[in-house]
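Below is start21.pdb, which holds PDB, C-alpha atoms.
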```
ATOM      1  CA  MET W1035      13.898  79.852   6.402  1.00  0.00           C
ATOM      2  CA  ASP W1036      11.874  76.701   7.132  1.00  0.00           C
ATOM      3  CA  ALA W1037      13.085  73.180   7.809  1.00  0.00           C
ATOM      4  CA  LEU W1038      12.764  72.106   4.173  1.00  0.00           C
ATOM      5  CA  THR W1039      15.047  74.816   2.824  1.00  0.00           C
ATOM      6  CA  LYS W1040      17.584  74.325   5.619  1.00  0.00           C
ATOM      7  CA  GLY W1041      18.016  70.765   4.408  1.00  0.00           C
ATOM      8  CA  ASP W1042      16.088  69.112   7.250  1.00  0.00           C
ATOM      9  CA  PHE W1043      13.741  67.529   4.734  1.00  0.00           C
ATOM     10  CA  THR W1044      13.888  63.870   5.692  1.00  0.00           C
ATOM     11  CA  GLU W1045      10.700  63.886   7.759  1.00  0.00           C
ATOM     12  CA  ALA W1046       8.596  65.482   5.021  1.00  0.00           C
ATOM     13  CA  GLY W1047       5.844  63.213   3.783  1.00  0.00           C
ATOM     14  CA  GLU W1048       5.257  64.682   0.347  1.00  0.00           C
ATOM     15  CA  PRO W1049       7.933  65.141  -2.339  1.00  0.00           C
ATOM     16  CA  TRP W1050       6.405  68.108  -4.145  1.00  0.00           C
ATOM     17  CA  ALA W1051       6.670  70.245  -1.015  1.00  0.00           C
ATOM     18  CA  ILE W1052      10.403  69.535  -0.859  1.00  0.00           C
ATOM     19  CA  PHE W1053      10.853  70.199  -4.562  1.00  0.00           C
ATOM     20  CA  SER W1054       8.990  73.502  -4.346  1.00  0.00           C
ATOM     21  CA  ALA W1055      11.057  74.665  -1.363  1.00  0.00           C
ATOM     22  CA  TRP W1056      14.347  73.648  -2.925  1.00  0.00           C
ATOM     23  CA  THR W1057      13.642  75.248  -6.300  1.00  0.00           C
ATOM     24  CA  ALA W1058      12.559  78.473  -4.605  1.00  0.00           C
ATOM     25  CA  GLU W1059      15.863  78.618  -2.768  1.00  0.00           C
ATOM     26  CA  ALA W1060      17.795  77.711  -5.935  1.00  0.00           C
ATOM     27  CA  GLU W1061      16.199  80.659  -7.721  1.00  0.00           C
ATOM     28  CA  ARG W1062      17.808  82.902  -5.104  1.00  0.00           C
ATOM     29  CA  SER W1063      21.213  81.220  -4.934  1.00  0.00           C
ATOM     30  CA  GLU W1064      21.996  79.870  -8.409  1.00  0.00           C
ATOM     31  CA  PRO W1065      23.594  82.520 -10.647  1.00  0.00           C
ATOM     32  CA  ASN W1066      22.405  80.912 -13.904  1.00  0.00           C
ATOM     33  CA  ASP W1067      19.478  78.702 -14.868  1.00  0.00           C
ATOM     34  CA  PRO W1068      18.232  77.311 -11.539  1.00  0.00           C
ATOM     35  CA  THR W1069      15.644  75.323 -13.514  1.00  0.00           C
ATOM     36  CA  ALA W1070      18.240  73.562 -15.685  1.00  0.00           C
ATOM     37  CA  MET W1071      17.916  69.792 -15.589  1.00  0.00           C
ATOM     38  CA  ALA W1072      19.708  66.900 -17.223  1.00  0.00           C
ATOM     39  CA  LEU W1073      17.137  64.996 -19.277  1.00  0.00           C
ATOM     40  CA  ALA W1074      17.771  61.376 -20.241  1.00  0.00           C
ATOM     41  CA  THR W1075      15.861  59.540 -22.952  1.00  0.00           C
ATOM     42  CA  ALA W1076      16.590  56.313 -24.819  1.00  0.00           C
ATOM     43  CA  ASP W1077      16.174  55.280 -28.414  1.00  0.00           C
ATOM     44  CA  ALA W1078      14.257  52.268 -29.685  1.00  0.00           C
ATOM     45  CA  ASP W1079      17.304  50.063 -29.014  1.00  0.00           C
ATOM     46  CA  GLY W1080      17.563  51.266 -25.422  1.00  0.00           C
ATOM     47  CA  LEU W1081      20.723  53.334 -25.964  1.00  0.00           C
ATOM     48  CA  PRO W1082      20.469  56.391 -23.671  1.00  0.00           C
ATOM     49  CA  ASN W1083      21.022  60.042 -24.474  1.00  0.00           C
ATOM     50  CA  VAL W1084      21.295  62.909 -21.988  1.00  0.00           C
ATOM     51  CA  ARG W1085      21.284  66.701 -22.403  1.00  0.00           C
ATOM     52  CA  MET W1086      20.477  69.837 -20.425  1.00  0.00           C
ATOM     53  CA  VAL W1087      17.046  71.409 -20.856  1.00  0.00           C
ATOM     54  CA  LEU W1088      15.059  73.997 -18.908  1.00  0.00           C
ATOM     55  CA  LEU W1089      12.100  73.064 -16.738  1.00  0.00           C
ATOM     56  CA  LYS W1090       9.074  75.131 -17.778  1.00  0.00           C
ATOM     57  CA  GLY W1091       6.446  73.867 -15.387  1.00  0.00           C
ATOM     58  CA  ALA W1092       6.095  71.566 -12.387  1.00  0.00           C
ATOM     59  CA  ASP W1093       3.132  70.479 -10.309  1.00  0.00           C
ATOM     60  CA  GLU W1094       1.610  67.257  -9.025  1.00  0.00           C
ATOM     61  CA  ARG W1095       1.050  66.139 -12.632  1.00  0.00           C
ATOM     62  CA  GLY W1096       4.773  66.201 -13.443  1.00  0.00           C
ATOM     63  CA  PHE W1097       7.699  68.115 -14.932  1.00  0.00           C
ATOM     64  CA  VAL W1098       7.188  69.992 -18.213  1.00  0.00           C
ATOM     65  CA  PHE W1099       9.713  70.912 -20.898  1.00  0.00           C
ATOM     66  CA  TYR W1100       9.393  71.935 -24.552  1.00  0.00           C
ATOM     67  CA  THR W1101      11.282  70.903 -27.663  1.00  0.00           C
ATOM     68  CA  ASN W1102      11.103  70.186 -31.372  1.00  0.00           C
ATOM     69  CA  ALA W1103       9.347  66.837 -31.742  1.00  0.00           C
ATOM     70  CA  GLU W1104      11.585  66.100 -34.742  1.00  0.00           C
ATOM     71  CA  SER W1105      14.761  66.488 -32.635  1.00  0.00           C
ATOM     72  CA  ALA W1106      16.704  63.536 -31.258  1.00  0.00           C
ATOM     73  CA  LYS W1107      14.871  63.682 -27.945  1.00  0.00           C
ATOM     74  CA  GLY W1108      11.509  64.066 -29.680  1.00  0.00           C
ATOM     75  CA  ARG W1109      12.125  61.029 -31.869  1.00  0.00           C
ATOM     76  CA  GLU W1110      13.322  59.015 -28.888  1.00  0.00           C
ATOM     77  CA  LEU W1111      10.252  59.930 -26.862  1.00  0.00           C
ATOM     78  CA  ALA W1112       8.022  58.931 -29.779  1.00  0.00           C
ATOM     79  CA  SER W1113       9.480  55.412 -29.767  1.00  0.00           C
ATOM     80  CA  ASN W1114      10.117  55.112 -26.025  1.00  0.00           C
ATOM     81  CA  PRO W1115       7.949  57.562 -24.034  1.00  0.00           C
ATOM     82  CA  GLN W1116       9.868  57.387 -20.772  1.00  0.00           C
ATOM     83  CA  ALA W1117      12.498  59.714 -19.337  1.00  0.00           C
ATOM     84  CA  ALA W1118      14.646  60.502 -16.327  1.00  0.00           C
ATOM     85  CA  LEU W1119      15.864  63.862 -15.053  1.00  0.00           C
ATOM     86  CA  VAL W1120      18.346  65.277 -12.579  1.00  0.00           C
ATOM     87  CA  PHE W1121      18.553  68.729 -11.015  1.00  0.00           C
ATOM     88  CA  HIS W1122      21.937  69.618  -9.540  1.00  0.00           C
ATOM     89  CA  TRP W1123      21.969  72.810  -7.486  1.00  0.00           C
ATOM     90  CA  LYS W1124      25.703  73.202  -6.912  1.00  0.00           C
ATOM     91  CA  SER W1125      25.411  76.295  -4.709  1.00  0.00           C
ATOM     92  CA  LEU W1126      23.132  74.389  -2.336  1.00  0.00           C
ATOM     93  CA  ARG W1127      24.950  71.049  -2.606  1.00  0.00           C
ATOM     94  CA  ARG W1128      21.705  69.284  -3.444  1.00  0.00           C
ATOM     95  CA  GLN W1129      20.321  67.057  -6.154  1.00  0.00           C
ATOM     96  CA  MET W1130      16.902  65.756  -7.090  1.00  0.00           C
ATOM     97  CA  ARG W1131      16.260  63.059  -9.620  1.00  0.00           C
ATOM     98  CA  ALA W1132      13.035  61.591 -10.989  1.00  0.00           C
ATOM     99  CA  ARG W1133      11.844  59.267 -13.708  1.00  0.00           C
ATOM    100  CA  GLY W1134       8.590  58.190 -15.246  1.00  0.00           C
ATOM    101  CA  PRO W1135       6.415  57.947 -18.343  1.00  0.00           C
ATOM    102  CA  VAL W1136       6.147  60.911 -20.692  1.00  0.00           C
ATOM    103  CA  THR W1137       3.061  62.362 -22.378  1.00  0.00           C
ATOM    104  CA  GLU W1138       2.555  65.441 -24.524  1.00  0.00           C
ATOM    105  CA  VAL W1139       0.967  68.502 -22.944  1.00  0.00           C
ATOM    106  CA  SER W1140      -2.248  69.817 -24.478  1.00  0.00           C
ATOM    107  CA  GLU W1141      -2.213  71.954 -27.625  1.00  0.00           C
ATOM    108  CA  ALA W1142      -3.635  74.840 -25.599  1.00  0.00           C
ATOM    109  CA  GLU W1143      -0.871  74.569 -22.976  1.00  0.00           C
ATOM    110  CA  ALA W1144       1.823  74.457 -25.665  1.00  0.00           C
ATOM    111  CA  ASP W1145       0.273  77.429 -27.489  1.00  0.00           C
ATOM    112  CA  SER W1146       0.131  79.456 -24.290  1.00  0.00           C
ATOM    113  CA  TYR W1147       3.758  78.845 -23.399  1.00  0.00           C
ATOM    114  CA  PHE W1148       5.001  79.422 -26.950  1.00  0.00           C
ATOM    115  CA  ALA W1149       3.206  82.782 -27.049  1.00  0.00           C
ATOM    116  CA  SER W1150       5.040  83.826 -23.858  1.00  0.00           C
ATOM    117  CA  ARG W1151       8.490  83.318 -25.399  1.00  0.00           C
ATOM    118  CA  PRO W1152      10.484  86.258 -26.799  1.00  0.00           C
ATOM    119  CA  ARG W1153       9.714  86.890 -30.451  1.00  0.00           C
ATOM    120  CA  ASP W1154      13.253  85.998 -31.554  1.00  0.00           C
ATOM    121  CA  SER W1155      12.957  82.638 -29.788  1.00  0.00           C
ATOM    122  CA  ARG W1156       9.706  81.939 -31.614  1.00  0.00           C
ATOM    123  CA  ILE W1157      11.365  82.764 -34.930  1.00  0.00           C
ATOM    124  CA  GLY W1158      14.243  80.489 -33.983  1.00  0.00           C
ATOM    125  CA  ALA W1159      11.842  77.606 -33.397  1.00  0.00           C
ATOM    126  CA  TRP W1160      10.741  77.884 -37.030  1.00  0.00           C
ATOM    127  CA  ALA W1161      14.278  78.292 -38.380  1.00  0.00           C
ATOM    128  CA  SER W1162      16.006  75.431 -36.547  1.00  0.00           C
ATOM    129  CA  GLN W1163      15.780  71.856 -37.798  1.00  0.00           C
ATOM    130  CA  GLN W1164      16.910  70.766 -34.362  1.00  0.00           C
ATOM    131  CA  SER W1165      19.457  67.913 -34.104  1.00  0.00           C
ATOM    132  CA  ARG W1166      19.800  67.523 -37.879  1.00  0.00           C
ATOM    133  CA  PRO W1167      22.974  68.270 -39.867  1.00  0.00           C
ATOM    134  CA  LEU W1168      23.615  71.975 -40.565  1.00  0.00           C
ATOM    135  CA  GLU W1169      25.651  72.796 -43.671  1.00  0.00           C
ATOM    136  CA  SER W1170      26.878  76.162 -42.354  1.00  0.00           C
ATOM    137  CA  ARG W1171      26.151  78.910 -39.857  1.00  0.00           C
ATOM    138  CA  PHE W1172      25.064  81.043 -42.803  1.00  0.00           C
ATOM    139  CA  ALA W1173      22.328  78.523 -43.636  1.00  0.00           C
ATOM    140  CA  LEU W1174      20.873  78.952 -40.149  1.00  0.00           C
ATOM    141  CA  GLU W1175      21.073  82.754 -40.325  1.00  0.00           C
ATOM    142  CA  LYS W1176      19.385  82.640 -43.740  1.00  0.00           C
ATOM    143  CA  ALA W1177      16.541  80.555 -42.304  1.00  0.00           C
ATOM    144  CA  VAL W1178      16.146  82.986 -39.410  1.00  0.00           C
ATOM    145  CA  ALA W1179      15.950  85.910 -41.856  1.00  0.00           C
ATOM    146  CA  PHE W1180      13.387  84.050 -43.961  1.00  0.00           C
ATOM    147  CA  TYR W1181      11.029  83.340 -41.073  1.00  0.00           C
ATOM    148  CA  ALA W1182      11.529  86.790 -39.552  1.00  0.00           C
ATOM    149  CA  ALA W1183      10.337  88.259 -42.864  1.00  0.00           C
ATOM    150  CA  LYS W1184       7.509  85.739 -43.176  1.00  0.00           C
ATOM    151  CA  HIS W1185       6.193  86.614 -39.705  1.00  0.00           C
ATOM    152  CA  ALA W1186       7.102  90.303 -39.780  1.00  0.00           C
ATOM    153  CA  ILE W1187       3.507  91.306 -39.106  1.00  0.00           C
ATOM    154  CA  GLY W1188       1.311  89.846 -36.392  1.00  0.00           C
ATOM    155  CA  GLU W1189       1.946  87.014 -33.994  1.00  0.00           C
ATOM    156  CA  VAL W1190       4.394  84.196 -34.629  1.00  0.00           C
ATOM    157  CA  PRO W1191       2.368  80.955 -34.471  1.00  0.00           C
ATOM    158  CA  ARG W1192       3.653  77.803 -32.835  1.00  0.00           C
ATOM    159  CA  PRO W1193       5.193  75.360 -35.324  1.00  0.00           C
ATOM    160  CA  PRO W1194       3.223  72.104 -35.453  1.00  0.00           C
ATOM    161  CA  TYR W1195       6.365  70.143 -34.506  1.00  0.00           C
ATOM    162  CA  TRP W1196       7.160  72.292 -31.440  1.00  0.00           C
ATOM    163  CA  ARG W1197       5.590  70.565 -28.443  1.00  0.00           C
ATOM    164  CA  GLY W1198       5.573  70.227 -24.706  1.00  0.00           C
ATOM    165  CA  TYR W1199       6.212  67.044 -22.781  1.00  0.00           C
ATOM    166  CA  ARG W1200       5.319  66.086 -19.222  1.00  0.00           C
ATOM    167  CA  ILE W1201       7.236  63.528 -17.170  1.00  0.00           C
ATOM    168  CA  ALA W1202       4.888  62.009 -14.575  1.00  0.00           C
ATOM    169  CA  PRO W1203       7.307  60.765 -11.908  1.00  0.00           C
ATOM    170  CA  VAL W1204       6.981  57.293 -10.499  1.00  0.00           C
ATOM    171  CA  SER W1205       9.915  58.060  -8.208  1.00  0.00           C
ATOM    172  CA  MET W1206      11.610  61.189  -6.858  1.00  0.00           C
ATOM    173  CA  GLU W1207      14.887  61.026  -4.947  1.00  0.00           C
ATOM    174  CA  PHE W1208      16.307  63.924  -2.921  1.00  0.00           C
ATOM    175  CA  TRP W1209      20.002  64.131  -2.068  1.00  0.00           C
ATOM    176  CA  ALA W1210      21.615  66.606   0.326  1.00  0.00           C
ATOM    177  CA  ASP W1211      25.312  66.907   1.082  1.00  0.00           C
ATOM    178  CA  ARG W1212      26.466  66.016   4.573  1.00  0.00           C
ATOM    179  CA  PRO W1213      29.993  65.881   6.106  1.00  0.00           C
ATOM    180  CA  PHE W1214      32.257  62.884   5.495  1.00  0.00           C
ATOM    181  CA  ARG W1215      30.090  61.747   2.558  1.00  0.00           C
ATOM    182  CA  LEU W1216      27.318  60.667   4.951  1.00  0.00           C
ATOM    183  CA  HIS W1217      24.765  62.344   2.706  1.00  0.00           C
ATOM    184  CA  ASP W1218      21.017  62.325   3.177  1.00  0.00           C
ATOM    185  CA  ARG W1219      19.102  60.420   0.513  1.00  0.00           C
ATOM    186  CA  VAL W1220      15.346  60.032   0.595  1.00  0.00           C
ATOM    187  CA  MET W1221      13.407  58.169  -2.104  1.00  0.00           C
ATOM    188  CA  PHE W1222       9.701  58.677  -2.744  1.00  0.00           C
ATOM    189  CA  THR W1223       7.996  55.983  -4.841  1.00  0.00           C
ATOM    190  CA  ARG W1224       4.512  56.408  -6.280  1.00  0.00           C
ATOM    191  CA  ARG W1225       1.890  54.072  -4.837  1.00  0.00           C
ATOM    192  CA  GLY W1226      -1.585  54.775  -6.201  1.00  0.00           C
ATOM    193  CA  ASP W1227      -2.493  58.337  -5.251  1.00  0.00           C
ATOM    194  CA  GLY W1228       0.239  58.605  -2.619  1.00  0.00           C
ATOM    195  CA  TRP W1229       3.928  58.057  -2.029  1.00  0.00           C
ATOM    196  CA  ASP W1230       6.021  55.529  -0.155  1.00  0.00           C
ATOM    197  CA  LYS W1231       9.146  56.975   1.441  1.00  0.00           C
ATOM    198  CA  ALA W1232      12.453  55.306   2.240  1.00  0.00           C
ATOM    199  CA  ARG W1233      15.870  56.458   3.368  1.00  0.00           C
ATOM    200  CA  LEU W1234      18.787  55.205   1.287  1.00  0.00           C
ATOM    201  CA  TYR W1235      22.383  54.633   2.260  1.00  0.00           C
ATOM    202  CA  PRO W1236      24.611  57.384   0.827  1.00  0.00           C
TER
END
```
Rewrite the coordinates I just gave you, this time as structure tokens.
Amino acid sequence: MDALTKGDFTEAGEPWAIFSAWTAEAERSEPNDPTAMALATADADGLPNVRMVLLKGADERGFVFYTNAESAKGRELASNPQAALVFHWKSLRRQMRARGPVTEVSEAEADSYFASRPRDSRIGAWASQQSRPLESRFALEKAVAFYAAKHAIGEVPRPPYWRGYRIAPVSMEFWADRPFRLHDRVMFTRRGDGWDKARLYP
């Protein structure tokens, strides 16, 4: 185990190295969904919303997730393309939060990821009018049956409203538990092609 995964991360000069090390350890220690993150968006009036989503890609370009563009989060991102996220790895007593502008991933990237999903999940993407009122559970099951029959043969294509989004962080903050609430907090702030780093009081 290297210094980053032991929690001795405060001297690291690049945030993506810390994030990669921490997520790798979370994949070993978290019993469920180590890539779950709280995603915050805001509507056109600035009123925030937050929900849990799954991270589906991360590199120096940003954090990627997928959703129905007609959902609440999709509509909010259309009017206010900025977001914030938090990872909380309870087993490791660590958090990482980031925020920044949001752009859509390419059609090819979205197609590739959609094709990798289980078939039932792809059918579900067609059947669900995400975030909108549902008259009954039966109505949802009926829609699932309809699209399962419609796409019974061949591949299930990606719905045109099902898209990927990338948050390009302008800041990334790492938090690690320490005794007596004297936690370690390190903030990285984007400056051009690099990062400024600062310790924060706990």
Point to revise | Long-range neighbours of range 1097-1107 of chain W as number ranges by chain, 6 Å cut-off, only C-alpha atoms, 6 positions minimum in chain | key: W: 1089-1091, 1164-1165, 1195-1201
Practice item. May I ask which of the residues W:Ala1092, W:Met1206, W:Val1220, W:Ala1142 is the closest one to Ser1054 in chain W, counting all atoms listed in the file? Key: W:Ala1092
Name all residues at most 8 Å from Thr1223 in chain W (count all atoms listed in the file; drop same-chain ones fewer than 5 positions away) and give them as a PDB file with C-alpha atoms, keeping the file's coordinate frame.
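Saved result, around.pdb, follows:
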```
ATOM      1  CA  VAL W1204       6.981  57.293 -10.499  1.00  0.00           C
ATOM      2  CA  SER W1205       9.915  58.060  -8.208  1.00  0.00           C
ATOM      3  CA  MET W1206      11.610  61.189  -6.858  1.00  0.00           C
ATOM      4  CA  TRP W1229       3.928  58.057  -2.029  1.00  0.00           C
ATOM      5  CA  ASP W1230       6.021  55.529  -0.155  1.00  0.00           C
ATOM      6  CA  LYS W1231       9.146  56.975   1.441  1.00  0.00           C
TER       7      LYS W1231
END
```
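Comparing the minimum interatomic distances between Ser1125 in chain W and each of W:Arg1156, W:Arg1233, W:Arg1062, W:Lys1176, counting all atoms listed in the file, we find that W:Arg1062 sits nearest.
For Asp1154 in chain W, the set of protein, DNA and RNA residues having any atom at most 10 Å away, when counting all atoms listed in the file and skipping those fewer than 2 positions along the same chain, is Arg1151, Pro1152, Arg1156, Ile1157, Gly1158, Ala1159, Val1178, Ala1182 and Val1190 of chain W.
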Point to revise | Coordinates-based distance that separates CA of Pro1135 in chain W from CA of Arg1224 in chain W (Å, one decimal) | key: 12.3 Å
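Residue membership of the PyMOL selection byres ((chain W and resi 1212) around 12) in the shown file amounts to Gly1041, Asp1042, Leu1126, Arg1127, Arg1128, Trp1209, Ala1210, Asp1211, Pro1213, Phe1214, Arg1215, Leu1216, His1217, Asp1218, Arg1219 and Pro1236 of chain W.
Of the listed residues (W:Glu1189, W:Asp1067, W:Glu1141, W:Glu1048), W:Asp1067 comes nearest to His1122 in chain W; the distances count only C-alpha atoms.
Nearest to Ala1072 in chain W of all the residues W:Ala1051, W:Ala1202, W:Ala1118, W:Ala1186 is W:Ala1118, counting all atoms listed in the file.
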Check your understanding: Which of these, W:Gln1163, W:Val1136, W:Phe1172, W:Arg1095, has the shortest distance to Pro1115 in chain W once you count all atoms listed in the file?
Key -> W:Val1136
Review point. Once the PyMOL selection byres ((chain W and resi 1069) around 10) has been applied to the shown file, what residues remain in the selection, as a ChimeraX atom specification?
Key: /W:1057-1058,1060-1061,1064,1066-1068,1070-1071,1087-1091,1121-1123
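Going from CA of Ala1076 in chain W over to CA of Arg1166 in chain W, you cover 17.5 Å.
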Review point. Do you have the CA of Asp1093 in chain W-CA of Gly1047 in chain W distance handy?
Key: 16.1 Å
